[in-house]
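What's in protein.cif: mmCIF, C-alpha atoms
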```cif
data_protein
#
loop_
_atom_site.label_atom_id
_atom_site.label_comp_id
_atom_site.auth_asym_id
_atom_site.auth_seq_id
_atom_site.Cartn_x
_atom_site.Cartn_y
_atom_site.Cartn_z
CA MET A 939 0.00 0.00 0.00
CA LEU A 940 2.61 2.57 1.06
CA LYS A 941 4.95 2.03 -1.86
CA GLU A 942 2.14 2.81 -4.30
CA MET A 943 1.66 6.18 -2.65
CA LEU A 944 5.31 7.11 -3.26
CA GLU A 945 5.30 5.61 -6.76
CA ASN A 946 2.38 7.85 -7.71
CA VAL A 947 4.24 10.96 -6.58
CA GLY A 948 7.06 10.06 -8.95
CA ILE A 949 4.70 9.20 -11.81
CA LYS A 950 2.47 12.27 -11.52
CA SER A 951 5.08 14.77 -10.26
CA PRO A 952 2.37 17.05 -8.84
CA LEU A 953 2.89 20.80 -8.89
CA ILE A 954 2.25 22.05 -5.36
CA HIS A 955 1.32 25.63 -4.54
CA ASN A 956 2.83 26.68 -1.22
CA ILE A 957 1.76 29.70 0.78
CA THR A 958 4.25 29.08 3.51
CA ASN A 959 6.59 30.86 5.89
CA TYR A 960 9.80 32.56 4.85
CA VAL A 961 11.84 30.76 7.51
CA THR A 962 11.64 27.39 5.76
CA VAL A 963 10.50 28.15 2.22
CA ASN A 964 13.73 26.94 0.60
CA ASP A 965 13.72 23.66 2.51
CA CYS A 966 10.08 23.09 1.55
CA ALA A 967 10.93 23.62 -2.12
CA ASN A 968 13.87 21.24 -1.91
CA ILE A 969 11.95 18.50 -0.11
CA LEU A 970 9.25 18.64 -2.79
CA LEU A 971 11.84 18.26 -5.52
CA ALA A 972 13.51 15.46 -3.57
CA CYS A 973 10.30 13.41 -3.30
CA GLY A 974 9.50 13.75 -6.99
CA ALA A 975 7.07 16.67 -6.93
CA SER A 976 7.45 20.29 -8.10
CA PRO A 977 7.12 23.39 -5.93
CA ILE A 978 5.78 26.84 -6.64
CA MET A 979 5.57 29.62 -4.09
CA ALA A 980 3.15 32.49 -4.68
CA ASP A 981 1.33 34.67 -2.17
CA ASP A 982 0.64 37.96 -3.96
CA LEU A 983 -3.05 38.75 -4.37
CA GLU A 984 -2.53 39.59 -8.05
CA GLU A 985 -1.49 36.05 -8.98
CA VAL A 986 -2.44 33.65 -6.22
CA GLU A 987 -5.66 32.46 -7.86
CA ASP A 988 -3.97 31.94 -11.22
CA ILE A 989 -1.14 29.94 -9.66
CA THR A 990 -3.54 27.78 -7.67
CA SER A 991 -5.46 27.02 -10.86
CA ILE A 992 -2.45 25.43 -12.57
CA CYS A 993 -1.40 23.36 -9.55
CA CYS A 994 -2.46 19.95 -8.27
CA GLY A 995 -2.60 20.79 -4.57
CA LEU A 996 -2.20 23.56 -2.00
CA ASN A 997 -0.13 23.78 1.17
CA ILE A 998 -1.11 26.59 3.57
CA ASN A 999 1.37 27.24 6.39
CA ILE A 1000 0.70 30.07 8.86
CA GLY A 1001 4.25 30.25 10.23
CA THR A 1002 4.84 33.90 9.30
CA LEU A 1003 1.40 35.42 8.90
CA ASN A 1004 1.04 39.00 7.73
CA LYS A 1005 -1.72 41.26 6.42
CA ASN A 1006 -0.73 40.56 2.82
CA THR A 1007 -0.61 36.76 2.88
CA ILE A 1008 -3.73 36.14 4.96
CA PRO A 1009 -6.18 37.21 2.19
CA SER A 1010 -4.17 35.14 -0.29
CA MET A 1011 -4.67 32.05 1.83
CA PHE A 1012 -8.44 32.40 1.65
CA ILE A 1013 -8.45 33.07 -2.10
CA ALA A 1014 -6.16 30.12 -2.84
CA GLY A 1015 -8.06 27.84 -0.48
CA LYS A 1016 -11.46 28.65 -1.98
CA LYS A 1017 -10.13 28.29 -5.53
CA SER A 1018 -8.62 24.91 -4.69
CA ASN A 1019 -11.95 23.82 -3.24
CA GLU A 1020 -13.69 24.86 -6.48
CA LEU A 1021 -11.22 22.76 -8.45
CA ASN A 1022 -11.41 19.81 -6.02
CA HIS A 1023 -7.69 20.05 -5.31
CA PRO A 1024 -6.41 18.64 -2.00
CA VAL A 1025 -5.62 21.37 0.52
CA LEU A 1026 -3.37 20.94 3.56
CA LEU A 1027 -3.26 23.23 6.60
CA ASP A 1028 -0.18 23.52 8.80
CA PRO A 1029 -1.23 25.69 11.79
CA VAL A 1030 2.31 26.62 12.84
CA GLY A 1031 2.29 28.28 16.25
CA ALA A 1032 -1.50 28.29 16.55
CA GLY A 1033 -2.36 29.43 20.05
CA ALA A 1034 0.77 31.59 20.38
CA SER A 1035 -0.99 34.79 19.29
CA LYS A 1036 -4.50 36.08 18.68
CA LEU A 1037 -3.67 36.67 15.01
CA ARG A 1038 -2.68 33.06 14.42
CA THR A 1039 -5.53 31.61 16.43
CA ASN A 1040 -8.21 33.81 14.85
CA THR A 1041 -6.87 33.35 11.33
CA VAL A 1042 -6.85 29.57 11.62
CA LYS A 1043 -10.34 29.58 13.09
CA GLU A 1044 -11.64 31.53 10.10
CA LEU A 1045 -9.71 29.34 7.65
CA LEU A 1046 -11.36 26.25 9.11
CA GLU A 1047 -14.76 27.91 8.68
CA LYS A 1048 -14.29 29.05 5.08
CA VAL A 1049 -11.91 26.52 3.47
CA LYS A 1050 -12.36 22.75 3.20
CA PHE A 1051 -9.10 21.08 4.20
CA SER A 1052 -8.19 17.55 3.16
CA VAL A 1053 -5.49 17.30 5.83
CA ILE A 1054 -4.66 19.26 8.98
CA ARG A 1055 -1.12 18.58 10.22
CA GLY A 1056 0.49 19.97 13.35
CA ASN A 1057 2.01 19.16 16.71
CA LEU A 1058 -0.17 18.33 19.69
CA SER A 1059 -0.20 21.86 21.11
CA GLU A 1060 -1.23 23.34 17.76
CA ILE A 1061 -4.04 20.87 17.12
CA LYS A 1062 -5.33 21.32 20.67
CA SER A 1063 -5.39 25.07 20.15
CA LEU A 1064 -7.56 24.55 17.07
CA ALA A 1065 -9.92 22.33 18.99
CA LEU A 1066 -10.18 24.58 22.02
CA GLY A 1067 -9.92 28.00 20.39
CA SER A 1068 -6.84 28.86 22.43
CA GLY A 1069 -3.65 27.10 23.28
CA ASN A 1070 -0.41 26.73 25.14
CA THR A 1071 2.51 26.85 22.73
CA ARG A 1072 6.07 28.09 23.01
CA GLY A 1073 6.46 29.91 19.72
CA VAL A 1074 6.28 27.20 17.09
CA ASP A 1075 7.32 24.42 19.47
CA SER A 1076 4.94 22.00 21.10
CA VAL A 1077 4.83 21.98 24.88
CA GLU A 1078 2.95 18.68 24.86
CA TYR A 1079 4.13 15.35 23.55
CA ILE A 1080 2.63 11.99 22.72
CA ASN A 1081 3.98 9.10 24.79
CA LYS A 1082 2.87 5.67 25.95
CA GLU A 1083 1.01 7.13 28.91
CA ASN A 1084 -1.24 9.49 26.95
CA LEU A 1085 -1.34 7.69 23.57
CA ASP A 1086 -4.87 6.32 23.95
CA THR A 1087 -6.21 9.69 25.07
CA VAL A 1088 -4.56 11.52 22.19
CA ILE A 1089 -5.86 8.97 19.67
CA ASP A 1090 -9.41 9.57 20.90
CA PHE A 1091 -8.87 13.32 20.73
CA ALA A 1092 -7.41 13.11 17.20
CA LYS A 1093 -10.28 10.95 15.96
CA ASP A 1094 -12.84 13.36 17.39
CA PHE A 1095 -11.06 16.35 15.85
CA ALA A 1096 -10.88 14.64 12.46
CA LEU A 1097 -14.60 13.87 12.48
CA LYS A 1098 -15.60 17.36 13.58
CA ASN A 1099 -13.50 18.99 10.86
CA SER A 1100 -14.05 16.33 8.17
CA ALA A 1101 -10.32 16.28 7.56
CA ILE A 1102 -7.53 13.76 7.91
CA THR A 1103 -5.72 14.78 11.07
CA VAL A 1104 -1.99 14.25 11.51
CA ILE A 1105 -0.41 14.95 14.88
CA THR A 1106 3.37 14.63 14.90
CA SER A 1107 5.40 13.90 18.00
CA VAL A 1108 7.62 11.10 19.32
CA VAL A 1109 4.75 8.91 18.12
CA ASP A 1110 2.84 10.25 15.11
CA ILE A 1111 -0.90 9.82 14.73
CA VAL A 1112 -2.72 9.78 11.38
CA THR A 1113 -6.51 9.42 11.45
CA ASP A 1114 -9.69 10.01 9.50
CA GLY A 1115 -11.80 9.79 12.64
CA LYS A 1116 -12.47 6.08 12.31
CA THR A 1117 -9.10 4.45 11.72
CA ALA A 1118 -5.97 5.70 13.46
CA TYR A 1119 -2.40 4.83 12.56
CA CYS A 1120 0.40 5.21 15.10
CA VAL A 1121 3.75 5.73 13.38
CA TYR A 1122 7.00 4.91 15.16
CA ASN A 1123 9.55 6.01 12.56
CA GLY A 1124 11.70 9.06 13.23
CA ASP A 1125 14.66 10.41 15.18
CA LYS A 1126 14.97 13.07 17.87
CA MET A 1127 17.41 15.02 15.66
CA MET A 1128 14.43 16.02 13.56
CA SER A 1129 13.46 18.43 16.34
CA LYS A 1130 16.90 20.08 16.17
CA ILE A 1131 16.42 21.62 12.74
CA THR A 1132 14.10 24.42 11.75
CA GLY A 1133 11.51 23.22 9.31
CA SER A 1134 11.19 19.45 9.57
CA GLY A 1135 7.48 19.92 10.25
CA CYS A 1136 7.09 22.44 7.44
CA GLN A 1137 8.92 20.08 5.08
CA LEU A 1138 6.63 17.25 6.11
CA SER A 1139 3.55 19.34 5.34
CA ALA A 1140 4.87 20.37 1.92
CA MET A 1141 5.75 16.78 1.08
CA MET A 1142 2.39 15.56 2.37
CA ALA A 1143 0.64 17.98 0.04
CA ALA A 1144 2.46 16.22 -2.79
CA TYR A 1145 1.54 12.74 -1.56
CA ILE A 1146 -2.17 13.54 -1.17
CA SER A 1147 -2.27 15.38 -4.51
CA ALA A 1148 -0.78 12.35 -6.26
CA ASN A 1149 -3.24 10.05 -4.45
CA PRO A 1150 -6.47 12.08 -4.14
CA LYS A 1151 -8.66 8.99 -3.68
CA ASP A 1152 -6.46 7.56 -0.91
CA ILE A 1153 -5.68 10.59 1.23
CA LEU A 1154 -5.52 8.72 4.55
CA GLU A 1155 -3.07 6.17 3.15
CA ALA A 1156 -1.08 8.88 1.38
CA ALA A 1157 -0.72 10.87 4.59
CA LEU A 1158 0.38 7.73 6.42
CA ALA A 1159 2.94 6.92 3.74
CA CYS A 1160 4.36 10.44 3.92
CA VAL A 1161 4.71 10.38 7.71
CA CYS A 1162 6.46 7.01 7.54
CA ALA A 1163 8.71 8.21 4.73
CA MET A 1164 9.79 11.36 6.54
CA GLY A 1165 10.39 9.48 9.77
CA PHE A 1166 12.44 6.77 8.12
CA CYS A 1167 14.47 9.35 6.21
CA GLY A 1168 15.15 11.03 9.54
CA GLU A 1169 16.60 7.76 10.76
CA ILE A 1170 18.79 7.43 7.66
CA ALA A 1171 20.03 10.99 8.05
CA LYS A 1172 21.06 10.34 11.66
CA LYS A 1173 23.05 7.26 10.64
CA ARG A 1174 25.02 9.33 8.14
CA MET A 1175 26.23 11.85 10.72
CA ALA A 1176 29.94 11.95 11.52
CA ASP A 1177 31.51 13.19 14.76
CA LYS A 1178 31.71 16.84 13.73
CA ASP A 1179 28.37 16.98 11.90
CA GLY A 1180 25.63 19.12 13.40
CA ASN A 1181 22.07 20.09 12.66
CA SER A 1182 22.97 21.80 9.37
CA SER A 1183 24.50 18.60 8.01
CA TYR A 1184 21.53 16.67 9.32
CA ARG A 1185 19.12 18.88 7.37
CA ASN A 1186 21.01 18.16 4.15
CA TYR A 1187 21.20 14.44 4.89
CA LEU A 1188 17.45 14.41 5.48
CA ILE A 1189 16.72 15.91 2.06
CA ASP A 1190 19.21 13.48 0.48
CA ALA A 1191 17.43 10.57 2.15
CA VAL A 1192 14.06 11.68 0.77
CA TYR A 1193 15.62 12.00 -2.69
CA ASN A 1194 17.06 8.48 -2.55
CA LEU A 1195 14.09 6.74 -0.88
CA THR A 1196 12.64 3.92 -2.97
CA PRO A 1197 9.07 2.64 -2.79
CA ASN A 1198 10.25 -0.81 -1.70
CA GLU A 1199 12.34 0.70 1.11
CA LEU A 1200 9.35 2.64 2.34
CA GLU A 1201 7.15 -0.46 2.34
CA LYS A 1202 9.77 -2.46 4.22
CA GLU A 1203 10.93 0.10 6.78
CA ALA A 1204 7.65 1.77 7.74
CA ARG A 1205 6.78 1.04 11.38
CA TYR A 1206 3.17 1.64 12.32
CA GLU A 1207 0.17 0.03 13.95
CA ILE A 1208 -3.56 0.41 13.41
CA ARG A 1209 -5.67 1.56 16.36
#
```
Written as structure tokens, that's how I'd like the structure from this file.
Amino acid sequence: MLKEMLENVGIKSPLIHNITNYVTVNDCANILLACGASPIMADDLEEVEDITSICCGLNINIGTLNKNTIPSMFIAGKKSNELNHPVLLDPVGAGASKLRTNTVKELLEKVKFSVIRGNLSEIKSLALGSGNTRGVDSVEYINKENLDTVIDFAKDFALKNSAITVITSVVDIVTDGKTAYCVYNGDKMMSKITGSGCQLSAMMAAYISANPKDILEAALACVCAMGFCGEIAKKRMADKDGNSSYRNYLIDAVYNLTPNELEKEARYEIR
């Protein structure tokens, strides 16, 4: 199942429109190229609708919101909905400010999202209307003690928002509200670079756009792929390598990942 999701990305090479944050925009572009997709970044009101129209999917990331990009997010989101293109929301730092929290709340009301992907603090802030985040970092984590509770929460959130929900942490959860997958791939070094979450969201937009009829499975495949590539990147590190080298190794691993490797190395369970 998983290898077909990656194969389709390579076959279809979807063009993904990213309205994302300027901190990680280059890494998002590179991870899309590495996985077999194509990136385009456009957030000006004069062209955002045109760009969305020629793409296969849309990735909205609120990491560096401003008064110019917020209207573009709504225009691109509504246009993608008209065209039945998959739309992914990455609510970076939701709960950290009124602007982020209110913008995401309105986006959820006016745009139909195929996938919502964030850390536990961010997703909780969407569910509760407020949150407890430390900038863009989660202050809550998924572990063995709270796994069952978080799975129930994620399922409920997915059903209420009619969107595949992906919560990333030490254990990642992917659910459509009925079936939940717990993913155990990954490495703690992924939290030491800026943008691993943003890269995951961009890449996931490619996976779901290449597999629009299997969005749950595509999201699962992407989470497993990113986690496994994080493991490969860690194994490549030499004594004097740091987080900058790790970032490059991670992109290299995504570029070199084969469908058969993904199928073999993915570690997940169904709950």
Picked residues, the PyMOL selection byres ((chain A and resi 1116-1125) around 10), expected as a tab-separated table (two decimals) with C-alpha atoms, in the frame of the given file:
```
chain	number	residue	atom	x	y	z
A	1085	LEU	CA	-1.34	7.69	23.57
A	1089	ILE	CA	-5.86	8.97	19.67
A	1090	ASP	CA	-9.41	9.57	20.90
A	1092	ALA	CA	-7.41	13.11	17.20
A	1093	LYS	CA	-10.28	10.95	15.96
A	1094	ASP	CA	-12.84	13.36	17.39
A	1096	ALA	CA	-10.88	14.64	12.46
A	1097	LEU	CA	-14.60	13.87	12.48
A	1102	ILE	CA	-7.53	13.76	7.91
A	1103	THR	CA	-5.72	14.78	11.07
A	1104	VAL	CA	-1.99	14.25	11.51
A	1105	ILE	CA	-0.41	14.95	14.88
A	1106	THR	CA	3.37	14.63	14.90
A	1107	SER	CA	5.40	13.90	18.00
A	1108	VAL	CA	7.62	11.10	19.32
A	1109	VAL	CA	4.75	8.91	18.12
A	1110	ASP	CA	2.84	10.25	15.11
A	1111	ILE	CA	-0.90	9.82	14.73
A	1112	VAL	CA	-2.72	9.78	11.38
A	1113	THR	CA	-6.51	9.42	11.45
A	1114	ASP	CA	-9.69	10.01	9.50
A	1115	GLY	CA	-11.80	9.79	12.64
A	1126	LYS	CA	14.97	13.07	17.87
A	1127	MET	CA	17.41	15.02	15.66
A	1128	MET	CA	14.43	16.02	13.56
A	1129	SER	CA	13.46	18.43	16.34
A	1130	LYS	CA	16.90	20.08	16.17
A	1154	LEU	CA	-5.52	8.72	4.55
A	1155	GLU	CA	-3.07	6.17	3.15
A	1158	LEU	CA	0.38	7.73	6.42
A	1159	ALA	CA	2.94	6.92	3.74
A	1161	VAL	CA	4.71	10.38	7.71
A	1162	CYS	CA	6.46	7.01	7.54
A	1163	ALA	CA	8.71	8.21	4.73
A	1164	MET	CA	9.79	11.36	6.54
A	1165	GLY	CA	10.39	9.48	9.77
A	1166	PHE	CA	12.44	6.77	8.12
A	1167	CYS	CA	14.47	9.35	6.21
A	1168	GLY	CA	15.15	11.03	9.54
A	1169	GLU	CA	16.60	7.76	10.76
A	1170	ILE	CA	18.79	7.43	7.66
A	1171	ALA	CA	20.03	10.99	8.05
A	1172	LYS	CA	21.06	10.34	11.66
A	1203	GLU	CA	10.93	0.10	6.78
A	1204	ALA	CA	7.65	1.77	7.74
A	1205	ARG	CA	6.78	1.04	11.38
A	1206	TYR	CA	3.17	1.64	12.32
A	1207	GLU	CA	0.17	0.03	13.95
A	1208	ILE	CA	-3.56	0.41	13.41
A	1209	ARG	CA	-5.67	1.56	16.36
```
Skipping near chain neighbours, those fewer than 4 positions away, what residues fall within 9 Å of segment 1010-1015 of chain A using only C-alpha atoms, listed as an mmCIF file with C-alpha atoms, keeping the file's coordinate frame?
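Heads up, here's the output in part_16.cif:
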```cif
data_model
loop_
_atom_site.group_PDB
_atom_site.id
_atom_site.type_symbol
_atom_site.label_atom_id
_atom_site.label_comp_id
_atom_site.auth_asym_id
_atom_site.auth_seq_id
_atom_site.Cartn_x
_atom_site.Cartn_y
_atom_site.Cartn_z
ATOM 1 C CA HIS A 955 1.320 25.630 -4.540
ATOM 2 C CA ILE A 957 1.760 29.700 0.780
ATOM 3 C CA ALA A 980 3.150 32.490 -4.680
ATOM 4 C CA ASP A 981 1.330 34.670 -2.170
ATOM 5 C CA ASP A 982 0.640 37.960 -3.960
ATOM 6 C CA LEU A 983 -3.050 38.750 -4.370
ATOM 7 C CA VAL A 986 -2.440 33.650 -6.220
ATOM 8 C CA GLU A 987 -5.660 32.460 -7.860
ATOM 9 C CA ASP A 988 -3.970 31.940 -11.220
ATOM 10 C CA ILE A 989 -1.140 29.940 -9.660
ATOM 11 C CA THR A 990 -3.540 27.780 -7.670
ATOM 12 C CA SER A 991 -5.460 27.020 -10.860
ATOM 13 C CA LEU A 996 -2.200 23.560 -2.000
ATOM 14 C CA ILE A 998 -1.110 26.590 3.570
ATOM 15 C CA ASN A 999 1.370 27.240 6.390
ATOM 16 C CA ASN A 1006 -0.730 40.560 2.820
ATOM 17 C CA ASN A 1019 -11.950 23.820 -3.240
ATOM 18 C CA GLU A 1020 -13.690 24.860 -6.480
ATOM 19 C CA VAL A 1025 -5.620 21.370 0.520
ATOM 20 C CA LEU A 1045 -9.710 29.340 7.650
ATOM 21 C CA LYS A 1048 -14.290 29.050 5.080
ATOM 22 C CA VAL A 1049 -11.910 26.520 3.470
ATOM 23 C CA LYS A 1050 -12.360 22.750 3.200
ATOM 24 C CA PHE A 1051 -9.100 21.080 4.200
#
```
Give me the box for segment 984-1000 of chain A as lines of an AutoDock Vina configuration file, namely the centre and edge lengths in Å to one decimal of a box along x, y and z that holds every listed atom plus 4 Å on each side.
```
center_x = -2.1
center_y = 29.8
center_z = -1.9
size_x = 15.0
size_y = 27.6
size_z = 29.4
```
* Asked: Taking the file as shown, what set of residues would the PyMOL selection byres ((chain A and resi 1196) around 10) give back, as a ChimeraX atom specification?
  -> /A:941,944-945,973,1163,1191-1195,1197-1201
* Residue neighbourhood Ile1000 of chain A, 8 Å, only C-alpha atoms, exclusion window fewer than 2 positions, as a list in words -> Thr958, Asn959, Ile998, Thr1002, Leu1003, Asp1028, Pro1029, Val1030, Gly1031 and Arg1038 of chain A
* Structure fact -> What separates atom CA of Lys1173 of chain A and atom CA of Ser951 of chain A is a distance of 28.6 Å
The PyMOL selection byres ((chain A and resi 950) around 12) resolved against shown file, as a PDB file with C-alpha atoms, in the frame of the given file:
```pdb
ATOM      1  CA  GLU A 942       2.140   2.810  -4.300  1.00  0.00           C
ATOM      2  CA  MET A 943       1.660   6.180  -2.650  1.00  0.00           C
ATOM      3  CA  LEU A 944       5.310   7.110  -3.260  1.00  0.00           C
ATOM      4  CA  GLU A 945       5.300   5.610  -6.760  1.00  0.00           C
ATOM      5  CA  ASN A 946       2.380   7.850  -7.710  1.00  0.00           C
ATOM      6  CA  VAL A 947       4.240  10.960  -6.580  1.00  0.00           C
ATOM      7  CA  GLY A 948       7.060  10.060  -8.950  1.00  0.00           C
ATOM      8  CA  ILE A 949       4.700   9.200 -11.810  1.00  0.00           C
ATOM      9  CA  SER A 951       5.080  14.770 -10.260  1.00  0.00           C
ATOM     10  CA  PRO A 952       2.370  17.050  -8.840  1.00  0.00           C
ATOM     11  CA  LEU A 953       2.890  20.800  -8.890  1.00  0.00           C
ATOM     12  CA  ILE A 954       2.250  22.050  -5.360  1.00  0.00           C
ATOM     13  CA  CYS A 973      10.300  13.410  -3.300  1.00  0.00           C
ATOM     14  CA  GLY A 974       9.500  13.750  -6.990  1.00  0.00           C
ATOM     15  CA  ALA A 975       7.070  16.670  -6.930  1.00  0.00           C
ATOM     16  CA  SER A 976       7.450  20.290  -8.100  1.00  0.00           C
ATOM     17  CA  CYS A 993      -1.400  23.360  -9.550  1.00  0.00           C
ATOM     18  CA  CYS A 994      -2.460  19.950  -8.270  1.00  0.00           C
ATOM     19  CA  ALA A1144       2.460  16.220  -2.790  1.00  0.00           C
ATOM     20  CA  TYR A1145       1.540  12.740  -1.560  1.00  0.00           C
ATOM     21  CA  ILE A1146      -2.170  13.540  -1.170  1.00  0.00           C
ATOM     22  CA  SER A1147      -2.270  15.380  -4.510  1.00  0.00           C
ATOM     23  CA  ALA A1148      -0.780  12.350  -6.260  1.00  0.00           C
ATOM     24  CA  ASN A1149      -3.240  10.050  -4.450  1.00  0.00           C
ATOM     25  CA  PRO A1150      -6.470  12.080  -4.140  1.00  0.00           C
TER      26      PRO A1150
END
```
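Taking atom CA of Gly1067 of chain A and atom CA of Leu1046 of chain A as endpoints, the distance between them is 11.5 Å.
Between atom CA of Tyr1187 of chain A and atom CA of Cys1136 of chain A the separation is 16.4 Å.
Each of A:Lys1202, A:Leu971, A:Thr1041, A:Thr1007 was checked against Glu984 of chain A using only C-alpha atoms; the smallest atom-to-atom distance is that of A:Thr1007.
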* Within 6 Å of Ser1052 of chain A, counting only C-alpha atoms, which residues qualify if same-chain residues fewer than 5 places away don't, as a ChimeraX atom specification? -> /A:1024-1026,1101
Could you please take those selected residues and save C-alpha atoms as a PDB file, in the frame of the given file?
```pdb
ATOM      1  CA  PRO A1024      -6.410  18.640  -2.000  1.00  0.00           C
ATOM      2  CA  VAL A1025      -5.620  21.370   0.520  1.00  0.00           C
ATOM      3  CA  LEU A1026      -3.370  20.940   3.560  1.00  0.00           C
ATOM      4  CA  ALA A1101     -10.320  16.280   7.560  1.00  0.00           C
TER       5      ALA A1101
END
```
* Asked: Leaving out Ala1032 of chain A and any residue of its chain fewer than 6 positions from it, which residues lie within 7 Å of it when counting all atoms listed in the file, given as a PyMOL selection string?
  -> chain A and resi 1038-1039+1060+1063
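Look at Gln1137 of chain A: the protein and nucleic acid residues within 7 Å of it, using only C-alpha atoms and passing over chain neighbours fewer than 4 places away, are A:Asp965, A:Cys966, A:Ile969, A:Gly1133, A:Met1141.
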* Please determine the residues with any atom at most 6 Å from (-0.4, 18.2, 5.4) (coordinates as given in the file, with all atoms listed in the file counting) and report them as JSON, numbers by chain. => {"A": [1026, 1027, 1053, 1054, 1055, 1139, 1142, 1143]}
* Structure fact -> Judged by only C-alpha atoms, the minimum distance to Lys1043 of chain A among A:Asn968, A:Asn1004, A:Thr962, A:Asn1099 is found for A:Asn1099
